[in-house]
file start-v3.txt (compact mmCIF, C-alpha atoms (C1' of nucleotides))
# COMPACT_ATOMS: atom_id res chain seq x y z
CA MET A 1 -27.71 -0.21 22.20
CA ASP A 2 -24.49 1.68 22.44
CA ILE A 3 -23.29 3.61 25.42
CA LYS A 4 -23.43 6.98 23.75
CA LYS A 5 -25.22 8.56 20.85
CA THR A 6 -22.56 10.78 19.31
CA TYR A 7 -18.78 11.07 19.26
CA SER A 8 -16.20 13.68 18.43
CA ILE A 9 -13.39 12.87 16.06
CA SER A 10 -10.81 12.69 18.82
CA GLU A 11 -12.99 10.44 20.94
CA LEU A 12 -13.17 7.92 18.15
CA ALA A 13 -9.51 8.31 17.29
CA LYS A 14 -8.52 7.68 20.87
CA GLU A 15 -10.86 4.74 21.36
CA PHE A 16 -9.56 2.90 18.31
CA ASP A 17 -6.01 4.17 18.44
CA VAL A 18 -5.91 5.83 15.06
CA THR A 19 -5.07 9.41 14.11
CA THR A 20 -7.75 11.98 13.40
CA ARG A 21 -6.13 12.22 10.01
CA SER A 22 -7.12 8.65 9.30
CA VAL A 23 -10.69 9.23 10.41
CA ARG A 24 -10.99 12.25 8.14
CA PHE A 25 -9.47 10.24 5.33
CA TYR A 26 -12.04 7.49 5.79
CA GLU A 27 -14.78 10.10 5.58
CA ASP A 28 -13.17 11.56 2.50
CA GLN A 29 -13.21 8.14 0.89
CA GLY A 30 -16.89 7.76 1.67
CA LEU A 31 -16.60 5.15 4.41
CA LEU A 32 -17.91 7.34 7.22
CA HIS A 33 -20.69 9.90 7.10
CA PRO A 34 -20.57 12.20 10.12
CA THR A 35 -23.04 15.05 10.35
CA ARG A 36 -21.86 18.57 11.19
CA ARG A 37 -22.50 21.09 13.88
CA GLY A 38 -21.14 24.18 12.20
CA GLN A 39 -17.88 22.87 10.84
CA THR A 40 -17.36 20.23 13.45
CA ARG A 41 -17.92 16.58 12.68
CA ILE A 42 -20.36 14.61 14.78
CA PHE A 43 -20.12 10.85 14.52
CA SER A 44 -23.04 8.55 15.20
CA SER A 45 -22.80 5.10 16.75
CA LYS A 46 -23.31 3.74 13.25
CA ASP A 47 -20.12 5.55 12.24
CA ARG A 48 -18.43 4.09 15.27
CA VAL A 49 -19.42 0.57 14.26
CA ARG A 50 -18.21 1.21 10.76
CA LEU A 51 -14.88 2.45 11.98
CA LYS A 52 -14.52 -0.75 13.94
CA LEU A 53 -15.32 -2.72 10.79
CA ILE A 54 -12.85 -0.71 8.75
CA LEU A 55 -10.05 -1.51 11.17
CA ARG A 56 -10.92 -5.15 11.39
CA GLY A 57 -10.98 -5.24 7.64
CA LYS A 58 -7.52 -3.78 7.56
CA ARG A 59 -6.21 -6.39 9.96
CA MET A 60 -7.69 -8.99 7.66
CA GLY A 61 -5.89 -7.48 4.70
CA PHE A 62 -8.87 -5.72 3.12
CA SER A 63 -8.34 -2.45 1.32
CA LEU A 64 -10.48 0.55 2.11
CA ALA A 65 -12.01 0.26 -1.34
CA GLU A 66 -13.11 -3.31 -0.64
CA THR A 67 -14.61 -2.33 2.67
CA LYS A 68 -16.40 0.60 1.09
CA GLU A 69 -17.85 -1.69 -1.53
CA LEU A 70 -19.31 -3.86 1.19
CA PHE A 71 -20.73 -0.87 3.03
CA ASP A 72 -22.34 0.52 -0.09
CA LEU A 73 -23.65 -2.84 -1.11
CA TRP A 74 -25.18 -3.38 2.29
CA ASP A 75 -26.82 0.03 2.27
CA GLU A 76 -28.35 -0.68 -1.10
CA THR A 77 -29.35 -4.12 0.03
CA LEU A 78 -31.40 -2.61 2.81
CA SER A 79 -33.42 -0.73 0.17
CA GLY A 80 -34.58 -4.23 -0.64
CA ASN A 81 -34.82 -4.78 -4.36
CA GLU A 82 -34.36 -8.33 -5.52
CA LYS A 83 -31.36 -7.80 -7.73
CA GLN A 84 -29.47 -6.14 -4.90
CA LEU A 85 -30.33 -8.94 -2.53
CA LEU A 86 -29.04 -11.57 -4.90
CA LEU A 87 -25.91 -9.57 -5.57
CA MET A 88 -25.33 -9.33 -1.83
CA LEU A 89 -25.72 -13.08 -1.38
CA ASP A 90 -23.24 -13.63 -4.15
CA THR A 91 -20.75 -11.22 -2.62
CA LEU A 92 -21.14 -12.89 0.75
CA ALA A 93 -20.36 -16.23 -0.81
CA ARG A 94 -17.21 -14.88 -2.40
CA LYS A 95 -16.09 -13.31 0.86
CA ARG A 96 -16.65 -16.60 2.63
CA ALA A 97 -14.37 -18.32 0.16
CA GLN A 98 -11.79 -15.66 0.83
CA LEU A 99 -12.04 -16.28 4.57
CA GLU A 100 -11.65 -20.00 3.99
CA GLN A 101 -8.42 -19.32 2.11
CA GLN A 102 -7.21 -17.16 4.95
CA LYS A 103 -8.01 -19.82 7.49
CA ASN A 104 -6.02 -22.32 5.47
CA ASP A 105 -3.14 -19.89 5.23
CA ILE A 106 -3.20 -19.36 8.96
CA ALA A 107 -3.32 -23.06 9.68
CA GLN A 108 -0.34 -23.65 7.40
CA ALA A 109 1.57 -20.82 9.00
CA GLU A 110 0.87 -22.21 12.45
CA MET A 111 2.15 -25.61 11.49
CA GLU A 112 5.33 -24.17 10.10
CA MET A 113 5.79 -22.08 13.18
CA ASP A 114 5.45 -25.21 15.27
CA THR A 115 8.28 -26.92 13.47
CA ALA A 116 10.35 -23.74 13.47
CA GLU A 117 9.90 -23.43 17.21
CA ALA A 118 10.78 -27.06 17.75
CA ARG A 119 14.00 -26.63 15.82
CA CYS A 120 14.88 -23.57 17.83
CA ARG A 121 14.34 -25.40 21.09
CA GLU A 122 16.43 -28.33 19.94
CA ALA A 123 19.24 -26.04 18.92
CA LEU A 124 19.04 -24.28 22.27
CA ALA A 125 19.14 -27.58 24.13
CA GLU A 126 22.25 -28.52 22.17
CA LEU A 127 23.91 -25.30 23.19
CA GLN A 128 23.01 -25.82 26.83
CA LYS A 129 24.46 -29.32 26.75
CA LYS A 130 27.73 -28.06 25.35
CA LYS A 131 27.85 -25.40 28.01
CA ARG A 132 27.41 -27.97 30.76
CA GLN A 133 30.11 -30.16 29.32
CA GLN A 134 32.41 -27.18 29.13
CA LYS A 135 31.76 -26.36 32.77
CA LYS A 136 32.40 -29.92 33.83
CA ALA A 137 35.69 -29.98 31.94
CA ASN A 138 36.67 -26.79 33.71
CA THR A 139 36.15 -28.19 37.20
CA GLU A 140 37.92 -31.45 36.43
CA GLU A 141 40.92 -29.77 34.91
CA PRO A 142 41.18 -26.22 36.22
CA VAL A 143 42.35 -23.52 33.89
CA GLU A 144 45.87 -22.34 34.24
CA GLN A 145 46.26 -18.89 35.76
CA LYS A 146 48.90 -16.56 34.47
CA MET B 1 12.17 -33.31 -2.19
CA ASP B 2 10.85 -31.03 -4.87
CA ILE B 3 10.04 -32.06 -8.40
CA LYS B 4 12.70 -29.92 -10.02
CA LYS B 5 15.95 -28.36 -9.03
CA THR B 6 15.85 -25.00 -10.80
CA TYR B 7 13.29 -22.67 -12.33
CA SER B 8 13.24 -19.80 -14.78
CA ILE B 9 11.57 -16.57 -13.87
CA SER B 10 8.62 -17.19 -16.14
CA GLU B 11 8.10 -20.69 -14.82
CA LEU B 12 7.75 -19.37 -11.31
CA ALA B 13 5.63 -16.43 -12.43
CA LYS B 14 3.26 -18.73 -14.25
CA GLU B 15 3.06 -21.28 -11.46
CA PHE B 16 2.11 -18.70 -8.85
CA ASP B 17 0.23 -16.37 -11.15
CA VAL B 18 2.36 -13.29 -10.60
CA THR B 19 4.21 -11.12 -13.09
CA THR B 20 7.91 -11.46 -13.72
CA ARG B 21 8.07 -7.85 -12.63
CA SER B 22 6.95 -8.87 -9.17
CA VAL B 23 9.48 -11.65 -8.96
CA ARG B 24 12.28 -9.28 -9.92
CA PHE B 25 10.99 -6.82 -7.39
CA TYR B 26 11.09 -9.43 -4.66
CA GLU B 27 14.67 -10.18 -5.55
CA ASP B 28 15.46 -6.48 -5.54
CA GLN B 29 14.04 -6.21 -2.06
CA GLY B 30 16.20 -9.08 -0.90
CA LEU B 31 13.47 -11.69 -0.52
CA LEU B 32 14.72 -14.00 -3.24
CA HIS B 33 18.31 -14.86 -4.16
CA PRO B 34 18.50 -16.48 -7.58
CA THR B 35 21.89 -17.34 -9.01
CA ARG B 36 22.81 -16.34 -12.55
CA ARG B 37 23.82 -18.09 -15.71
CA GLY B 38 25.21 -15.17 -17.64
CA GLN B 39 22.57 -12.54 -17.04
CA THR B 40 19.71 -14.92 -16.64
CA ARG B 41 18.26 -15.66 -13.23
CA ILE B 42 18.12 -19.24 -12.03
CA PHE B 43 15.82 -19.91 -9.12
CA SER B 44 16.34 -22.78 -6.68
CA SER B 45 13.58 -24.74 -5.01
CA LYS B 46 14.38 -22.74 -1.90
CA ASP B 47 13.49 -19.61 -3.84
CA ARG B 48 10.32 -21.31 -4.96
CA VAL B 49 9.33 -22.08 -1.39
CA ARG B 50 10.07 -18.52 -0.41
CA LEU B 51 7.94 -17.15 -3.20
CA LYS B 52 5.11 -19.28 -1.94
CA LEU B 53 5.67 -17.91 1.55
CA ILE B 54 5.77 -14.34 0.26
CA LEU B 55 2.41 -14.73 -1.43
CA ARG B 56 0.82 -16.42 1.53
CA GLY B 57 2.16 -13.62 3.67
CA LYS B 58 0.52 -11.12 1.39
CA ARG B 59 -2.81 -12.87 1.62
CA MET B 60 -2.46 -12.72 5.37
CA GLY B 61 -1.83 -9.00 5.24
CA PHE B 62 1.94 -9.08 5.76
CA SER B 63 4.11 -6.52 4.07
CA LEU B 64 7.15 -7.58 2.09
CA ALA B 65 9.31 -5.95 4.74
CA GLU B 66 7.77 -8.10 7.45
CA THR B 67 8.25 -11.23 5.43
CA LYS B 68 11.82 -10.30 4.67
CA GLU B 69 12.49 -9.78 8.37
CA LEU B 70 11.29 -13.30 9.04
CA PHE B 71 13.42 -14.72 6.26
CA ASP B 72 16.51 -12.92 7.48
CA LEU B 73 15.83 -13.86 11.05
CA TRP B 74 15.43 -17.49 10.14
CA ASP B 75 18.65 -17.50 8.13
CA GLU B 76 20.54 -16.05 11.05
CA THR B 77 18.83 -18.45 13.39
CA LEU B 78 20.23 -21.36 11.43
CA SER B 79 23.71 -20.06 12.16
CA GLY B 80 22.79 -21.08 15.67
CA ASN B 81 23.96 -18.55 18.23
CA GLU B 82 21.93 -18.40 21.40
CA LYS B 83 20.82 -14.79 21.17
CA GLN B 84 19.45 -15.36 17.69
CA LEU B 85 17.60 -18.44 18.79
CA LEU B 86 15.94 -16.61 21.66
CA LEU B 87 15.08 -13.71 19.40
CA MET B 88 13.49 -16.10 16.97
CA LEU B 89 11.40 -17.72 19.69
CA ASP B 90 10.23 -14.30 20.79
CA THR B 91 9.31 -13.33 17.25
CA LEU B 92 7.43 -16.57 16.78
CA ALA B 93 5.42 -15.86 19.91
CA ARG B 94 4.50 -12.42 18.66
CA LYS B 95 3.47 -13.77 15.29
CA ARG B 96 1.32 -16.35 17.00
CA ALA B 97 -0.49 -13.61 18.89
CA GLN B 98 -1.05 -11.87 15.59
CA LEU B 99 -2.54 -15.00 14.10
CA GLU B 100 -4.83 -15.36 17.09
CA GLN B 101 -6.11 -11.85 16.49
CA GLN B 102 -6.73 -12.68 12.86
CA LYS B 103 -8.60 -15.82 13.77
CA ASN B 104 -10.81 -13.81 16.07
CA ASP B 105 -11.40 -11.25 13.36
CA ILE B 106 -12.34 -13.97 10.92
CA ALA B 107 -14.69 -15.62 13.38
CA GLN B 108 -16.41 -12.29 14.03
CA ALA B 109 -16.69 -11.59 10.34
CA GLU B 110 -18.19 -15.00 9.72
CA MET B 111 -20.81 -14.46 12.39
CA GLU B 112 -21.79 -11.14 10.93
CA MET B 113 -21.95 -12.63 7.49
CA ASP B 114 -24.27 -15.30 8.83
CA THR B 115 -26.73 -12.72 10.11
CA ALA B 116 -26.36 -10.63 6.98
CA GLU B 117 -27.13 -13.64 4.84
CA ALA B 118 -30.12 -14.55 6.99
CA ARG B 119 -31.54 -11.07 6.56
CA CYS B 120 -31.05 -11.24 2.84
CA ARG B 121 -32.88 -14.52 2.63
CA GLU B 122 -35.74 -13.24 4.73
CA ALA B 123 -36.09 -10.17 2.57
CA LEU B 124 -36.04 -12.35 -0.53
CA ALA B 125 -38.70 -14.62 0.91
CA GLU B 126 -40.84 -11.57 1.58
CA LEU B 127 -40.49 -10.47 -2.01
CA GLN B 128 -41.39 -13.92 -3.30
CA LYS B 129 -44.49 -13.98 -1.13
CA LYS B 130 -45.64 -10.65 -2.49
CA LYS B 131 -45.06 -11.89 -6.00
CA ARG B 132 -47.20 -14.97 -5.43
CA GLN B 133 -49.98 -12.90 -3.96
CA GLN B 134 -49.81 -10.62 -6.94
CA LYS B 135 -50.07 -13.55 -9.31
CA LYS B 136 -53.05 -14.99 -7.44
CA ALA B 137 -54.85 -11.68 -7.59
CA ASN B 138 -54.24 -11.62 -11.32
CA THR B 139 -55.82 -15.01 -11.97
CA GLU B 140 -58.84 -14.35 -9.78
CA GLU B 141 -59.55 -11.02 -11.37
CA PRO B 142 -58.09 -11.00 -14.88
CA VAL B 143 -56.57 -7.83 -16.17
CA GLU B 144 -58.64 -5.79 -18.58
CA GLN B 145 -57.41 -5.85 -22.15
CA LYS B 146 -57.60 -2.73 -24.22
C1' DA C 1 -9.50 39.12 27.37
C1' DA C 2 -5.61 36.10 26.74
C1' DA C 3 -4.03 31.62 26.19
C1' DA C 4 -4.59 26.99 25.51
C1' DT C 5 -7.15 23.30 23.28
C1' DA C 6 -9.69 21.16 19.76
C1' DC C 7 -11.19 21.33 15.32
C1' DT C 8 -11.14 22.68 10.42
C1' DT C 9 -9.44 22.87 5.26
C1' DT C 10 -5.81 22.78 1.85
C1' DA C 11 -2.11 20.79 -0.04
C1' DC C 12 2.23 18.80 -0.70
C1' DG C 13 5.21 14.66 0.81
C1' DT C 14 6.06 9.62 1.64
C1' DT C 15 6.07 4.58 1.51
C1' DT C 16 4.73 0.24 -0.58
C1' DA C 17 4.24 -2.70 -4.37
C1' DC C 18 4.31 -2.99 -8.29
C1' DG C 19 2.87 -1.29 -13.86
C1' DT C 20 4.65 0.15 -18.04
C1' DA C 21 7.71 1.56 -21.57
C1' DA C 22 12.25 1.75 -23.82
C1' DA C 23 16.22 -0.13 -25.41
C1' DC C 24 19.21 -3.98 -25.36
C1' DT C 25 21.09 -9.09 -25.18
C1' DT C 26 20.70 -13.98 -25.34
C1' DT C 27 18.54 -18.20 -26.76
C1' DA C 28 15.44 -20.97 -29.54
C1' DT C 29 13.08 -21.78 -34.04
C1' DC C 30 12.24 -21.78 -38.84
C1' DG D 1 20.80 -15.95 -40.88
C1' DA D 2 16.51 -13.74 -39.96
C1' DT D 3 13.13 -13.50 -36.66
C1' DA D 4 10.61 -14.48 -32.85
C1' DA D 5 10.61 -15.47 -27.84
C1' DA D 6 12.36 -14.83 -23.43
C1' DG D 7 15.27 -12.46 -20.67
C1' DT D 8 17.76 -8.17 -18.98
C1' DT D 9 18.48 -3.19 -16.98
C1' DT D 10 16.99 1.49 -16.33
C1' DA D 11 13.76 4.57 -15.19
C1' DC D 12 9.63 7.04 -14.84
C1' DG D 13 4.55 6.48 -13.38
C1' DT D 14 0.81 5.20 -10.14
C1' DA D 15 -2.67 3.90 -6.49
C1' DA D 16 -3.33 3.41 -1.62
C1' DA D 17 -3.15 5.12 2.91
C1' DC D 18 -2.01 8.05 5.29
C1' DG D 19 1.94 11.87 7.53
C1' DT D 20 2.92 16.45 8.12
C1' DA D 21 2.85 21.28 7.88
C1' DA D 22 0.40 25.69 7.36
C1' DA D 23 -2.95 28.69 8.44
C1' DG D 24 -7.24 29.65 10.06
C1' DT D 25 -11.77 29.11 13.25
C1' DA D 26 -14.30 27.84 17.44
C1' DT D 27 -14.51 26.69 22.19
C1' DT D 28 -13.00 26.21 26.72
C1' DT D 29 -10.24 27.44 30.60
C1' DT D 30 -7.90 30.71 33.50

call {"tool": "encode", "arguments": {"input": "start-v3.txt", "output": "structure tokens"}}
result
Amino acid sequence: MDIKKTYSISELAKEFDVTTRSVRFYEDQGLLHPTRRGQTRIFSSKDRVRLKLILRGKRMGFSLAETKELFDLWDETLSGNEKQLLLMLDTLARKRAQLEQQKNDIAQAEMEMDTAEARCREALAELQKKKRQQKKANTEEPVEQK
Amino acid sequence: MDIKKTYSISELAKEFDVTTRSVRFYEDQGLLHPTRRGQTRIFSSKDRVRLKLILRGKRMGFSLAETKELFDLWDETLSGNEKQLLLMLDTLARKRAQLEQQKNDIAQAEMEMDTAEARCREALAELQKKKRQQKKANTEEPVEQK
DNA sequence: AAAATACTTTACGTTTACGTAAACTTTATC
DNA sequence: GATAAAGTTTACGTAAACGTAAAGTATTTT
């Protein structure tokens, strides 16, 4: 149950912060299927959902082609023949494996960022200490003025 | 403490399942810094680690340019001036936010894959049921032979 | 009705991340 | 010492994902 039934190209572009060029490109590549009123594109809430999925896919490092494959596969799956259903299950399994890999990668990256941050903070603390010592030295033995 | 001290280009390529072309490209882009013996590249274990990081970055959707920025930043950070250290901390924070977004994306995707899989299995179960009914009908009322 | 705004198609340009081929040198093997 | 194997540079080619400009149409606002 979405708020609205149809959207213009600029509405969608604004909402998801992409250019209209991109939206048209996604249609061109067969990822979106707006209807037309005259020449003008009219996007359904299904298109809106798909755009959201496209962008999430991109953030996850999926190509448009990969995302399109999933869309097409899902559409065919809905038609309901057994072979398609099994193929879909298989694809889902492979995607899950991919996500597992990504989660591992992220976990690794986070750990390394932890140690990197720790080193930074240590180095900063060292610098601060030196600064304080410098200051102290200055007060104890004032600098000569010219 | 790595196993070996130096590596040839093909050793690295084989280990990480990339082409030598890619490795040379990464060097060209300033991501790797092998030394030379004559013309031949000699990669250190530091290069090896970096190659691993490059590839993980790719899986996580990072461009080579982004990864190079991090490498360069880290190298400068080691030199230890305060501004660099603070810049590094800032960058780390931004990367963390990025990883959070990715984790959310992955979690969402997993949920949707759960429901997609459930639907598939339901549809399959439906098909199986129909098949069984068909079979039963066949045994109760045998098919006419010509 | 004139002007501004939103939308359209067509088409060439750009960046990224390599692939691929050619022509050459160095090192290892028989 | 011939030949195969591994490495090198140079350079053109390519797919993906748009950017950008041109030139036209449709709609809305003043």

call {"tool": "closest_atom_pairs", "arguments": {"input": "start-v3.txt", "of": "chain B", "to": "chain C", "cutoff": "8 Å", "atoms": "only C-alpha atoms (C1' of nucleotides)", "output": "Markdown table"}}
result
| residue | atom | partner | partner_atom | distance |
| --- | --- | --- | --- | --- |
| B:Arg21 | CA | C:DC18 | C1' | 7.5 |
| B:Ser22 | CA | C:DC18 | C1' | 6.5 |
| B:Phe25 | CA | C:DC18 | C1' | 7.8 |

call {"tool": "atom_distance", "arguments": {"input": "start-v3.txt", "atom1": "atom CA of A:Arg41", "atom2": "atom CA of A:Leu78"}}
result
25.4 Å

call {"tool": "interface_residues", "arguments": {"input": "start-v3.txt", "of": "chain B", "to": "chain A", "cutoff": "7 Å", "atoms": "all atoms listed in the file", "output": "list in words"}}
result
Arg56, Arg59, Met60, Gly61, Gly80, Glu82, Leu85, Leu89, Leu92, Leu99, Gln102, Asp105, Ile106, Met113, Glu117, Cys120, Ala123 and Leu124 of chain B

call {"tool": "axis_aligned_box", "arguments": {"input": "start-v3.txt", "around": "stretch 1-15 of chain D", "padding_each_side": "3 Å", "output": "AutoDock Vina command-line options"}}
result
--center_x 9.1 --center_y -4.5 --center_z -23.7 --size_x 29.5 --size_y 29.0 --size_z 40.4

call {"tool": "interface_residues", "arguments": {"input": "start-v3.txt", "of": "chain B", "to": "chain D", "cutoff": "10 Å", "atoms": "all atoms listed in the file", "output": "PyMOL selection string"}}
result
chain B and resi 8-10+39-41

call {"tool": "atom_distance", "arguments": {"input": "start-v3.txt", "atom1": "atom CA of A:Glu27", "atom2": "atom CA of A:Thr91"}}
result
23.6 Å

call {"tool": "atom_distance", "arguments": {"input": "start-v3.txt", "atom1": "atom CA of A:Gln29", "atom2": "atom CA of A:Thr67"}}
result
10.7 Å
